[in-house]
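Trainee: Got a structure for you, questions after.
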Amino acid sequence: MKIQFVAILAMGLILLAGFNPGKKRVNPFFSEYKTPFQVPPFDKIDSTDYLPAFLEGIKQHDAEIEAIVNNPAAPDFTNTILSFDKSGKLLTRVSKVFYNLNEAETNKQMQLIARKLSPLMSKHADDIALNDKLFLKIKTVYDKRGELKLDAQQMRVVEKYFRDFQRQGANLSPEKKDQLRKLNEELSMLALTFGENLLAETNENFTMVITDKKDLDGLPQGVIDGAAETAKEKGLPGKWVFTLSKPSMIPFLQYAKNRELREMIYRAYFMRGNNGNKNDNKETIAKIVKLRVAKAQLLGFDSYGAYVVDDNMAKTTAKVDQFLSQLWVAALPVAKKEVAEMQKIIDREDGKFMLQPWDWWYYAEIIHKEKYNLDESELKPYFSLSNVRDGMFLVANKLYGITFLKRTDLPVFQNDVETYEVKEADGRHLGILYLDYYPRDGKRGGAWCTDFQASCWDNGKKIDPIISITCNFTKPTADEPSLLSWDETTTLFHEFGHALHGLFTTGKYTRTAGNVPQDYVELPSQINENWAGEPSVLKAYAKHYKTGAVIPDSLIQKIQNSVLFNQGFETVEYLAAAILDMDYHEMTKPEEVDVVKFETDAMNKIGLISEIIPRYRTTYFAHIFGGGYAAGYYVYIWAAVLDADAFNAFKSSGDIFNKDLAAKFRKHCLAECGDDDGMIQYRKFRGMEPSINPLLKRRGLQ
Ligand SMILES: [Zn+2]
C-alpha cells in the first residue's frame with residue numbers, strides 16, 4: 001500500500017517539477033486539510049493534483065475492501081459494515097472537490113480529467129457492486145443481525161447495505177446475474193438511442209423560419225431580437241428563427257397572433273419522436289418498457305414501478321396511483337374552468353374556433369395580464385440579492401436560532417464567493433456555508449446545493465458539514481446591485497432549504513446520514529420557499545434598494561394572487577404525464593406495446609380534455625426513458641404535498657415561526673431524516689400522514 005502511494009506521489013512530483021523546480025510540492029488531497037474548519041484548501045489545489053489523488057484513492061479503497069473480504073475473523077458489524085461504511089476516504093475527499101468544481105468552475109483541463117475518470121470510476125463502482133465475496137460478508141451479518149445486539153441505527157445500516165446489493169442483483173444465481181448484466185447493457189444502449197433521437201428531433205429536424213414581419217405580430221421586441229439572433233447563427237440573416245427548445249417556443253406560443261404558426265410549432269413539438277423518420281422513438285420505447293418488466297421480474301418484483309417505488313416513501317405503486325388520482329379529480333374541473341374562461345375571450349374577439357392545445361399559452365397570457373397584472377420590473381427593486389440573503393438568514397434564525405457569521409479568512413474557489421460560518425443558538429459551530437451567486441464561464445446553468453464535506457462521524461468524532469449553494473443570478477452593475485426576480489428569490493430560499501438539511505444532519509453512518517428517498521428530497525427545500533412569500537417576512541426583507549422603503553401591500557397582494565394563475569392547466573398537464581409514467585411501469589407482462597395506442601388509452605381512461613396534452617408525451621418523455629425518473633415523475637408533486645402540509649402545520653398553529661414545530665421539523669425531518677423510512681420520520685414531526693388538502697388550497701384547486 002505504502003509503496004504504491006509513494007510511487008503515485010512521485011509521479012505527481014515529477015509532473016510538477018517543471019513548474020516548481022527545486023520546490024517540494026505536496027498533493028493537498030493526500031492528507032487531512034489543515035485549514036480552519038478543514039475546508040478544502042482551494043488556494044493550494046492545482047489541477048494536476050486531481051488525477052494522482054483519484055488513482056491513489058481508488059487503490060486505497062480497493063485495498064480497504066480487500067481487507068474486509070480477507071479478514072479471517074467472523075463477519076460482524078464493526079469489521080464488515082462499519083469498515084465498508086467508512087471506506088474510501090481519500091476518494092471521497094478528492095471527488096467532492098473535483099466534481100463540485102467541474103460544475104461550478106470548470107475548464108478544458110478539468111473536462112479532460114473528467115473524461116479520463118469516467119470509465120475508471122464506473123469500473124470502480126461495478127467492482128464493488130459485483131464483488132461476490134463482499135456481498136457474502138454483508139449477507140452473513142444481515143442473516144444474523146437479530147443476534148448481534150445492534151442499536152436501531154446499526155440495524156438500519158445493515159439492512160440498507162444488504163438491500164443495495166440485492167437490488168443490484170447480488171443475490172441472483174450466476175446465470176441470472178448474466179441475464180441482468182445483459183438487460184442492463186441493452187437498457188443503457190436504448191436510453192442512449194432514445195436521447196440521441198430526441199436531441200435530433202428537438203434541435204435538427206425542425207425550425208420555423210419566419211420571413212414576413214407580419215408573422216411576428218404580438219411578440220415582444222426581446223423575443224423578436226432573440227429570433228433574429230438565432231437566424232443569424234443558422235446562417236439566415238435578416239430572417240427570424242424559432243426552435244423547439246422551450247425558451248424559444250414558449251414565448252412564441254404566448255404572444256404570437258398568427259394562430260397557424262402557433263399550431264405549426266406546437267405540433268412539431270408534440271410530435272417529436274413520432275414522425276416515422278429515422279429518429280422515431282416508438283420502437284425504442286416499446287423495447288425499454290418490455291426489458292424493464294423483465295429486469296424487475298428477475299429481481300423479484302411484479303413490475304418495474306414496484307421495483308422503483310419499493311425504495312421510495314410511497315412504497316407501493318397502488319399508493320402512488322391513489323395519490324395521483326385524488327389530485328387528478330381535484331385539478332381537472334379547474335382546468336375545464338380555465339378552458340371556459342379562454343373560450344370566452346375567443347368568442348369575445350369573434351374568433352369562431354374552439355380552443356386548441358396550441359392556443360393555451362396565448363390566452364393564458366391575456367388572462368395573466370387582465371387578472372393578475374404583475375410586472376416583474378415593479379417588483380425587482382425590492383429584491384436586492386443582499387436583502388433576500390439576509391431575509392433567508394432571518395427566517396432560519398427565527399425558526400432554529402442559528403446565526404451566520406461572515407468569514408473572509410477562508411480559501412474560496414472564486415473571489416466573489418461568500419463564506420459564512422453557521423452557529424447554533426448557543427454559539428457552537430454548526431458548519432460552513434458558501435454562497436456562489438453569479439454566472440461565469442465554466443459554470444453550468446441553473447441553481448443547486450451541494451457539499452464539500454457531508455456531516456458525518458469518524459472514529460467517534462463529529463465532522464462538521466461544508467455546504468455550498470450555486471446560482472446564476474444577474475450580476476450587479478456600476479449603478480445597480482443584483483436585483484432578483486420573484487422566481488430567483490424563491491430559488492434562493494429553495495436551495496437554502498437543501499443547505500439546512502445538510503447543515504442539520506446528524507446521522508452516524510455515511511449510508512444513512514441525511515439520506516432520503518427520491519420522493520422526499522424536495523421537502524426540505526420546498527418548505528423553505530413558503531416563508532419567502534409570507535407578508536410579515538416580506539416586510540422584513542423586501543426593501544427598496546434605493547430608498548429602503550418596505551414593499552407595499554398592493555405588491556404583496558399581487559405576489560400572492562399570482563400563485564393561483566393557470567394552476568388547473570399546470571397541474572393537469574403534469575399529472576397526465578405522471579399517470580402515463582406509472583401506467584407504463586405497472587405493466588406486468590414483458591411485451592412490446594403499441595405506444596401510440598397505449599398513450600391514447602391511458603389518457604382516455606382518465607378523461608384528459610382535448611385542449612391539454614400531457615407535459616411529456618411518450619416519444620419525448622426524457623425523464624422516464626432517458627433519465628432516472630422512471631416510475632418517479634410523480635415525486636415532484638409528492639414533495640409538494642409534503643411541503644404544503646408541513647407548512648400548513650406552522651400556519652394553522654397561528655405562528656409561522658412556531659419554535660416547537662421548528663424544533664420537531666429540524667429533528668425528525670432534517671437532522672434525523674435518514675434514521676427511518678421517510679413517512680415514519682414525517683409522521684414523527686406531524687403526528688399523522690400528510691394531507692393533500694393544503695396543496696389543493698395553495699393551488700386554488702379546492
Ligand atoms: Zn431542490
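Chain labels A, B, ... are given in the sequence in which chains occur in the C-alpha cells; within each chain residues are numbered consecutively from 1, and ligands are likewise numbered from 1 in the order shown.
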Using DSSP secondary structure from the backbone, list all alpha helix (DSSP H) positions within region 546-633 of chain A, as a VMD selection string.
Mentor: chain A and resid 553 to 562 567 to 585 595 to 606 622 to 625
Trainee: If we count only C-alpha atoms and set the cut-off at 12 Å, which residues sit around Pro174 (chain A), ignoring sequence neighbours fewer than 5 positions away in its own chain? Please answer as a list in words.
Mentor: Leu130, Asp132, Gly169, Gln179, Leu180 and Arg181 of chain A
Trainee: Take the residues that were just selected and, keeping N, CA and C atoms, output them as a compact mmCIF listing (two decimals), in the first residue's frame.
Mentor:
# COMPACT_ATOMS: atom_id res chain seq x y z
N LEU A 130 -20.43 -5.71 -7.76
CA LEU A 130 -20.43 -7.11 -8.22
C LEU A 130 -19.42 -7.98 -7.47
N ASP A 132 -18.68 -10.50 -5.21
CA ASP A 132 -19.44 -11.57 -4.54
C ASP A 132 -18.99 -11.82 -3.12
N GLY A 169 -28.82 -7.05 -7.81
CA GLY A 169 -28.78 -8.42 -8.31
C GLY A 169 -27.73 -9.30 -7.67
N GLN A 179 -27.94 -12.66 -17.14
CA GLN A 179 -29.13 -12.09 -17.78
C GLN A 179 -29.30 -10.63 -17.40
N LEU A 180 -29.12 -10.35 -16.11
CA LEU A 180 -29.30 -8.99 -15.62
C LEU A 180 -28.29 -8.04 -16.26
N ARG A 181 -27.03 -8.51 -16.31
CA ARG A 181 -25.99 -7.68 -16.91
C ARG A 181 -26.34 -7.36 -18.36
Trainee: Given the choices A:Lys144, A:Gln356, A:Glu592, A:Ala576, which gets closest to Ala294 (chain A) if the distance is worked out from only C-alpha atoms?
Mentor: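 Checking each of A:Lys144, A:Gln356, A:Glu592, A:Ala576 against Ala294 (chain A), counting only C-alpha atoms, the winner is A:Glu592.
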Trainee: Write as a list in words the residues around ligand 1, taking 8 Å as the cut-off and counting only C-alpha atoms and all ligand atoms.
Mentor: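 Every residue with an atom at most 8 Å from ligand 1 is listed here: Trp448, Cys449, His494, Glu495, His498, Val521, Glu522, Ser525 and Gln526 of chain A.
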Trainee: Show me, as a list in words, the residues that have an atom within 7 Å of region 189-204 of chain A when counting only C-alpha atoms, minus same-chain residues fewer than 4 positions from it.
Mentor: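 Near neighbours after the sequence-gap exclusion: Glu185, Leu244, Ser245, Arg272, Gly273, Asn279, Asp280, Asn281, Thr284, Ile288, Tyr620, Phe625 and Gly626 of chain A.
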Trainee: Which is closest to Asp164 (chain A) among A:Asn70, A:Phe493, A:Arg511, A:Trp486, if we use only C-alpha atoms?
Mentor: A:Arg511
Trainee: Could you check which of A:Gly502, A:Pro28, A:Gly218, A:Gly445 is closest to Glu105 (chain A), using only C-alpha atoms?
Mentor: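 Distance minimum relative to Glu105 (chain A) lands on A:Gly445.
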Trainee: Just give me the gap between CA of Ile113 (chain A) and CA of Ser47 (chain A) in Å, one decimal is fine.
Mentor: 8.8 Å
Trainee: Using CA of Phe135 (chain A) and CA of Ala170 (chain A) as the two end points, give the distance in Å to one decimal.
Mentor: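 These two atoms are separated by 6.9 Å.
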Trainee: Residues near Lys86 (chain A), anyone? I mean within 10 Å using only C-alpha atoms, not counting same-chain ones fewer than 3 positions away, as a PDB file with C-alpha atoms, in the first residue's frame.
Mentor:
ATOM      1  CA  HIS A  61     -10.496   1.968  -1.472  1.00  0.00           C
ATOM      2  CA  GLU A  64      -9.784  -1.430   2.187  1.00  0.00           C
ATOM      3  CA  ILE A  81     -20.471  -2.961   7.840  1.00  0.00           C
ATOM      4  CA  LEU A  82     -18.714  -0.140   9.658  1.00  0.00           C
ATOM      5  CA  SER A  83     -15.444  -0.731   7.803  1.00  0.00           C
ATOM      6  CA  LYS A  89     -11.982   8.434   2.486  1.00  0.00           C
ATOM      7  CA  CYS A 456     -20.598  12.548   9.403  1.00  0.00           C
ATOM      8  CA  TRP A 457     -18.751  10.744  12.177  1.00  0.00           C
ATOM      9  CA  ASP A 458     -15.229   9.421  12.074  1.00  0.00           C
ATOM     10  CA  ASN A 459     -13.710   7.405  14.915  1.00  0.00           C
ATOM     11  CA  TYR A 509     -23.295   6.319   9.330  1.00  0.00           C
ATOM     12  CA  THR A 510     -22.429   7.521   5.852  1.00  0.00           C
ATOM     13  CA  ARG A 511     -25.015   5.244   4.234  1.00  0.00           C
TER      14      ARG A 511
END
Trainee: Listing only residues of region 506-592 of chain A within 9 Å of region 297-306 of chain A, what is the closest atom pair and its distance in Å (to one decimal) for each, using only C-alpha atoms, sorted by chain and residue number ascending, as JSON lines?
Mentor:
{"residue": "A:Met582", "atom": "CA", "partner": "A:Gly305", "partner_atom": "CA", "distance": 6.8}
{"residue": "A:Asp583", "atom": "CA", "partner": "A:Gly305", "partner_atom": "CA", "distance": 8.8}
{"residue": "A:Tyr584", "atom": "CA", "partner": "A:Gly305", "partner_atom": "CA", "distance": 8.4}
{"residue": "A:His585", "atom": "CA", "partner": "A:Gly305", "partner_atom": "CA", "distance": 4.7}
{"residue": "A:Glu586", "atom": "CA", "partner": "A:Ser303", "partner_atom": "CA", "distance": 5.3}
{"residue": "A:Met587", "atom": "CA", "partner": "A:Ser303", "partner_atom": "CA", "distance": 5.9}
{"residue": "A:Thr588", "atom": "CA", "partner": "A:Ser303", "partner_atom": "CA", "distance": 5.1}
{"residue": "A:Lys589", "atom": "CA", "partner": "A:Ser303", "partner_atom": "CA", "distance": 8.2}
Trainee: Print the selection's residues with N, CA and C atoms to a file, as a PDB file, in the first residue's frame.
Mentor:
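To be explicit, this is the file written out as result-v2.pdb:
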ATOM      1  N   MET A 582     -46.610   6.076 -14.690  1.00  0.00           N
ATOM      2  CA  MET A 582     -46.967   4.945 -13.831  1.00  0.00           C
ATOM      3  C   MET A 582     -47.588   3.819 -14.660  1.00  0.00           C
ATOM      4  N   ASP A 583     -48.451   4.181 -15.620  1.00  0.00           N
ATOM      5  CA  ASP A 583     -49.096   3.150 -16.450  1.00  0.00           C
ATOM      6  C   ASP A 583     -48.055   2.299 -17.186  1.00  0.00           C
ATOM      7  N   TYR A 584     -47.071   2.966 -17.769  1.00  0.00           N
ATOM      8  CA  TYR A 584     -46.036   2.198 -18.474  1.00  0.00           C
ATOM      9  C   TYR A 584     -45.292   1.261 -17.530  1.00  0.00           C
ATOM     10  N   HIS A 585     -45.060   1.738 -16.315  1.00  0.00           N
ATOM     11  CA  HIS A 585     -44.202   0.960 -15.421  1.00  0.00           C
ATOM     12  C   HIS A 585     -44.970   0.061 -14.464  1.00  0.00           C
ATOM     13  N   GLU A 586     -46.287  -0.022 -14.674  1.00  0.00           N
ATOM     14  CA  GLU A 586     -47.056  -1.008 -13.920  1.00  0.00           C
ATOM     15  C   GLU A 586     -47.402  -2.204 -14.798  1.00  0.00           C
ATOM     16  N   MET A 587     -46.882  -2.213 -16.013  1.00  0.00           N
ATOM     17  CA  MET A 587     -47.075  -3.383 -16.878  1.00  0.00           C
ATOM     18  C   MET A 587     -46.421  -4.595 -16.224  1.00  0.00           C
ATOM     19  N   THR A 588     -47.132  -5.726 -16.262  1.00  0.00           N
ATOM     20  CA  THR A 588     -46.576  -6.915 -15.607  1.00  0.00           C
ATOM     21  C   THR A 588     -46.207  -8.002 -16.618  1.00  0.00           C
ATOM     22  N   LYS A 589     -46.463  -7.708 -17.910  1.00  0.00           N
ATOM     23  CA  LYS A 589     -46.058  -8.684 -18.937  1.00  0.00           C
ATOM     24  C   LYS A 589     -44.938  -8.081 -19.770  1.00  0.00           C
TER      25      LYS A 589
END
Trainee: Show me, as a tab-separated table (two decimals) with N, CA and C atoms, in the first residue's frame, the residues that have an atom within 9 Å of region 527-536 of chain A when counting only C-alpha atoms, minus same-chain residues fewer than 2 positions from it.
Mentor:
chain	number	residue	atom	x	y	z
A	388	VAL	N	-32.42	39.70	0.09
A	388	VAL	CA	-33.03	38.37	0.06
A	388	VAL	C	-32.20	37.41	0.92
A	391	GLY	N	-32.84	38.06	4.40
A	391	GLY	CA	-34.20	37.58	4.72
A	391	GLY	C	-34.20	36.09	5.00
A	392	MET	N	-33.48	35.34	4.20
A	392	MET	CA	-33.49	33.88	4.42
A	392	MET	C	-32.70	33.52	5.68
A	395	VAL	N	-35.12	34.21	8.58
A	395	VAL	CA	-36.12	33.15	8.75
A	395	VAL	C	-35.50	31.96	9.49
A	489	THR	N	-35.83	34.74	-6.26
A	489	THR	CA	-35.93	34.86	-4.80
A	489	THR	C	-36.34	33.53	-4.18
A	490	THR	N	-37.37	32.92	-4.74
A	490	THR	CA	-37.80	31.63	-4.17
A	490	THR	C	-36.76	30.54	-4.45
A	491	THR	N	-36.04	30.68	-5.55
A	491	THR	CA	-34.96	29.72	-5.84
A	491	THR	C	-33.90	29.76	-4.73
A	492	LEU	N	-33.51	30.96	-4.31
A	492	LEU	CA	-32.50	31.07	-3.26
A	492	LEU	C	-33.02	30.47	-1.94
A	493	PHE	N	-34.26	30.75	-1.61
A	493	PHE	CA	-34.86	30.13	-0.42
A	493	PHE	C	-34.90	28.61	-0.56
A	494	HIS	N	-35.21	28.16	-1.76
A	494	HIS	CA	-35.28	26.71	-2.04
A	494	HIS	C	-33.93	26.04	-1.79
A	495	GLU	N	-32.89	26.57	-2.41
A	495	GLU	CA	-31.56	25.95	-2.27
A	495	GLU	C	-31.09	26.03	-0.81
A	496	PHE	N	-31.45	27.12	-0.16
A	496	PHE	CA	-31.08	27.27	1.24
A	496	PHE	C	-31.77	26.21	2.11
A	497	GLY	N	-32.97	25.79	1.70
A	497	GLY	CA	-33.65	24.69	2.40
A	497	GLY	C	-32.84	23.41	2.30
A	498	HIS	N	-32.29	23.12	1.10
A	498	HIS	CA	-31.40	21.97	0.96
A	498	HIS	C	-30.18	22.14	1.87
A	522	GLU	N	-37.13	16.85	-2.03
A	522	GLU	CA	-37.51	18.26	-2.19
A	522	GLU	C	-38.37	18.80	-1.05
A	523	LEU	N	-38.62	18.00	-0.03
A	523	LEU	CA	-39.38	18.53	1.11
A	523	LEU	C	-38.60	19.64	1.84
A	524	PRO	N	-37.34	19.39	2.25
A	524	PRO	CA	-36.63	20.44	2.98
A	524	PRO	C	-36.49	21.74	2.18
A	525	SER	N	-36.36	21.61	0.86
A	525	SER	CA	-36.14	22.81	0.05
A	525	SER	C	-37.45	23.54	-0.22
A	538	LEU	N	-41.88	39.18	4.11
A	538	LEU	CA	-41.59	40.12	3.02
A	538	LEU	C	-41.31	41.51	3.56
A	539	LYS	N	-42.13	41.91	4.55
A	539	LYS	CA	-41.95	43.25	5.09
A	539	LYS	C	-40.62	43.40	5.82
A	540	ALA	N	-40.08	42.28	6.28
A	540	ALA	CA	-38.80	42.34	7.00
A	540	ALA	C	-37.61	42.43	6.04
A	553	ASP	N	-48.23	46.91	0.37
A	553	ASP	CA	-49.20	45.81	0.47
A	553	ASP	C	-49.76	45.41	-0.89
A	556	ILE	N	-47.48	42.95	-2.44
A	556	ILE	CA	-47.56	41.66	-1.72
A	556	ILE	C	-48.79	40.91	-2.18
A	557	GLN	N	-49.90	41.64	-2.30
A	557	GLN	CA	-51.15	41.02	-2.75
A	557	GLN	C	-50.98	40.41	-4.14
A	559	ILE	N	-48.23	39.37	-5.55
A	559	ILE	CA	-47.39	38.15	-5.48
A	559	ILE	C	-48.25	36.98	-5.05
A	560	GLN	N	-49.08	37.21	-4.05
A	560	GLN	CA	-49.90	36.12	-3.53
A	560	GLN	C	-50.95	35.65	-4.53
A	640	ALA	N	-44.42	18.25	-3.11
A	640	ALA	CA	-45.21	19.48	-2.95
A	640	ALA	C	-46.33	19.27	-1.93
A	642	LEU	N	-46.14	17.20	0.58
A	642	LEU	CA	-45.45	17.19	1.87
A	642	LEU	C	-45.16	18.61	2.35
A	643	ASP	N	-44.59	19.43	1.45
A	643	ASP	CA	-44.18	20.75	1.92
A	643	ASP	C	-45.39	21.62	2.26
A	644	ALA	N	-46.47	21.49	1.46
A	644	ALA	CA	-47.66	22.29	1.75
A	644	ALA	C	-48.28	21.84	3.08
A	646	ALA	N	-46.68	20.33	5.58
A	646	ALA	CA	-45.78	20.68	6.68
A	646	ALA	C	-45.88	22.17	7.00
A	647	PHE	N	-45.93	23.00	5.96
A	647	PHE	CA	-46.04	24.43	6.22
A	647	PHE	C	-47.39	24.77	6.84
A	656	ILE	N	-46.09	31.31	12.22
A	656	ILE	CA	-45.25	30.68	11.20
A	656	ILE	C	-43.82	30.44	11.71
Trainee: Residues of region 466-561 of chain A that have any atom at most 9 Å from an atom of region 672-686 of chain A: could you tabulate them with the shortest-distance atom pair and the distance in Å to one decimal, using only C-alpha atoms, ordered by chain and increasing number, as a tab-separated table?
Mentor:
residue	atom	partner	partner_atom	distance
A:His501	CA	A:Cys673	CA	8.8
A:Phe504	CA	A:Glu672	CA	8.5
A:Thr505	CA	A:Glu672	CA	6.4
A:Thr506	CA	A:Glu672	CA	6.2
A:Gly507	CA	A:Glu672	CA	6.3
A:Arg511	CA	A:Gly674	CA	8.7
A:Thr512	CA	A:Gly674	CA	5.1
A:Ala513	CA	A:Gly674	CA	5.3
A:Gly514	CA	A:Gly674	CA	4.9
A:Asn515	CA	A:Gly674	CA	4.8
A:Val516	CA	A:Gly674	CA	5.7
A:Pro517	CA	A:Gly678	CA	7.0
A:Asp519	CA	A:Gly678	CA	8.7
A:Tyr520	CA	A:Gly678	CA	6.7
Trainee: Counting only C-alpha atoms, which of A:Asn258, A:Asn171, A:Ser248, A:Thr600 gets nearest to Lys213 (chain A)?
Mentor: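 With only C-alpha atoms as the atom set, the closest residue is A:Asn258.
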Trainee: Which of these, A:Tyr616, A:Phe42, A:Tyr574, A:Tyr99, has the shortest distance to Gln414 (chain A) once you count only C-alpha atoms?
Mentor: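 Once distances to Gln414 (chain A) are computed over only C-alpha atoms, the minimum belongs to A:Phe42.
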Trainee: Would you mind telling me which residue in A:Leu327, A:Leu580, A:Leu261, A:Ala364 lies nearest to Val339 (chain A) when using only C-alpha atoms?
Mentor: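 Closest residue, counting only C-alpha atoms: A:Ala364.
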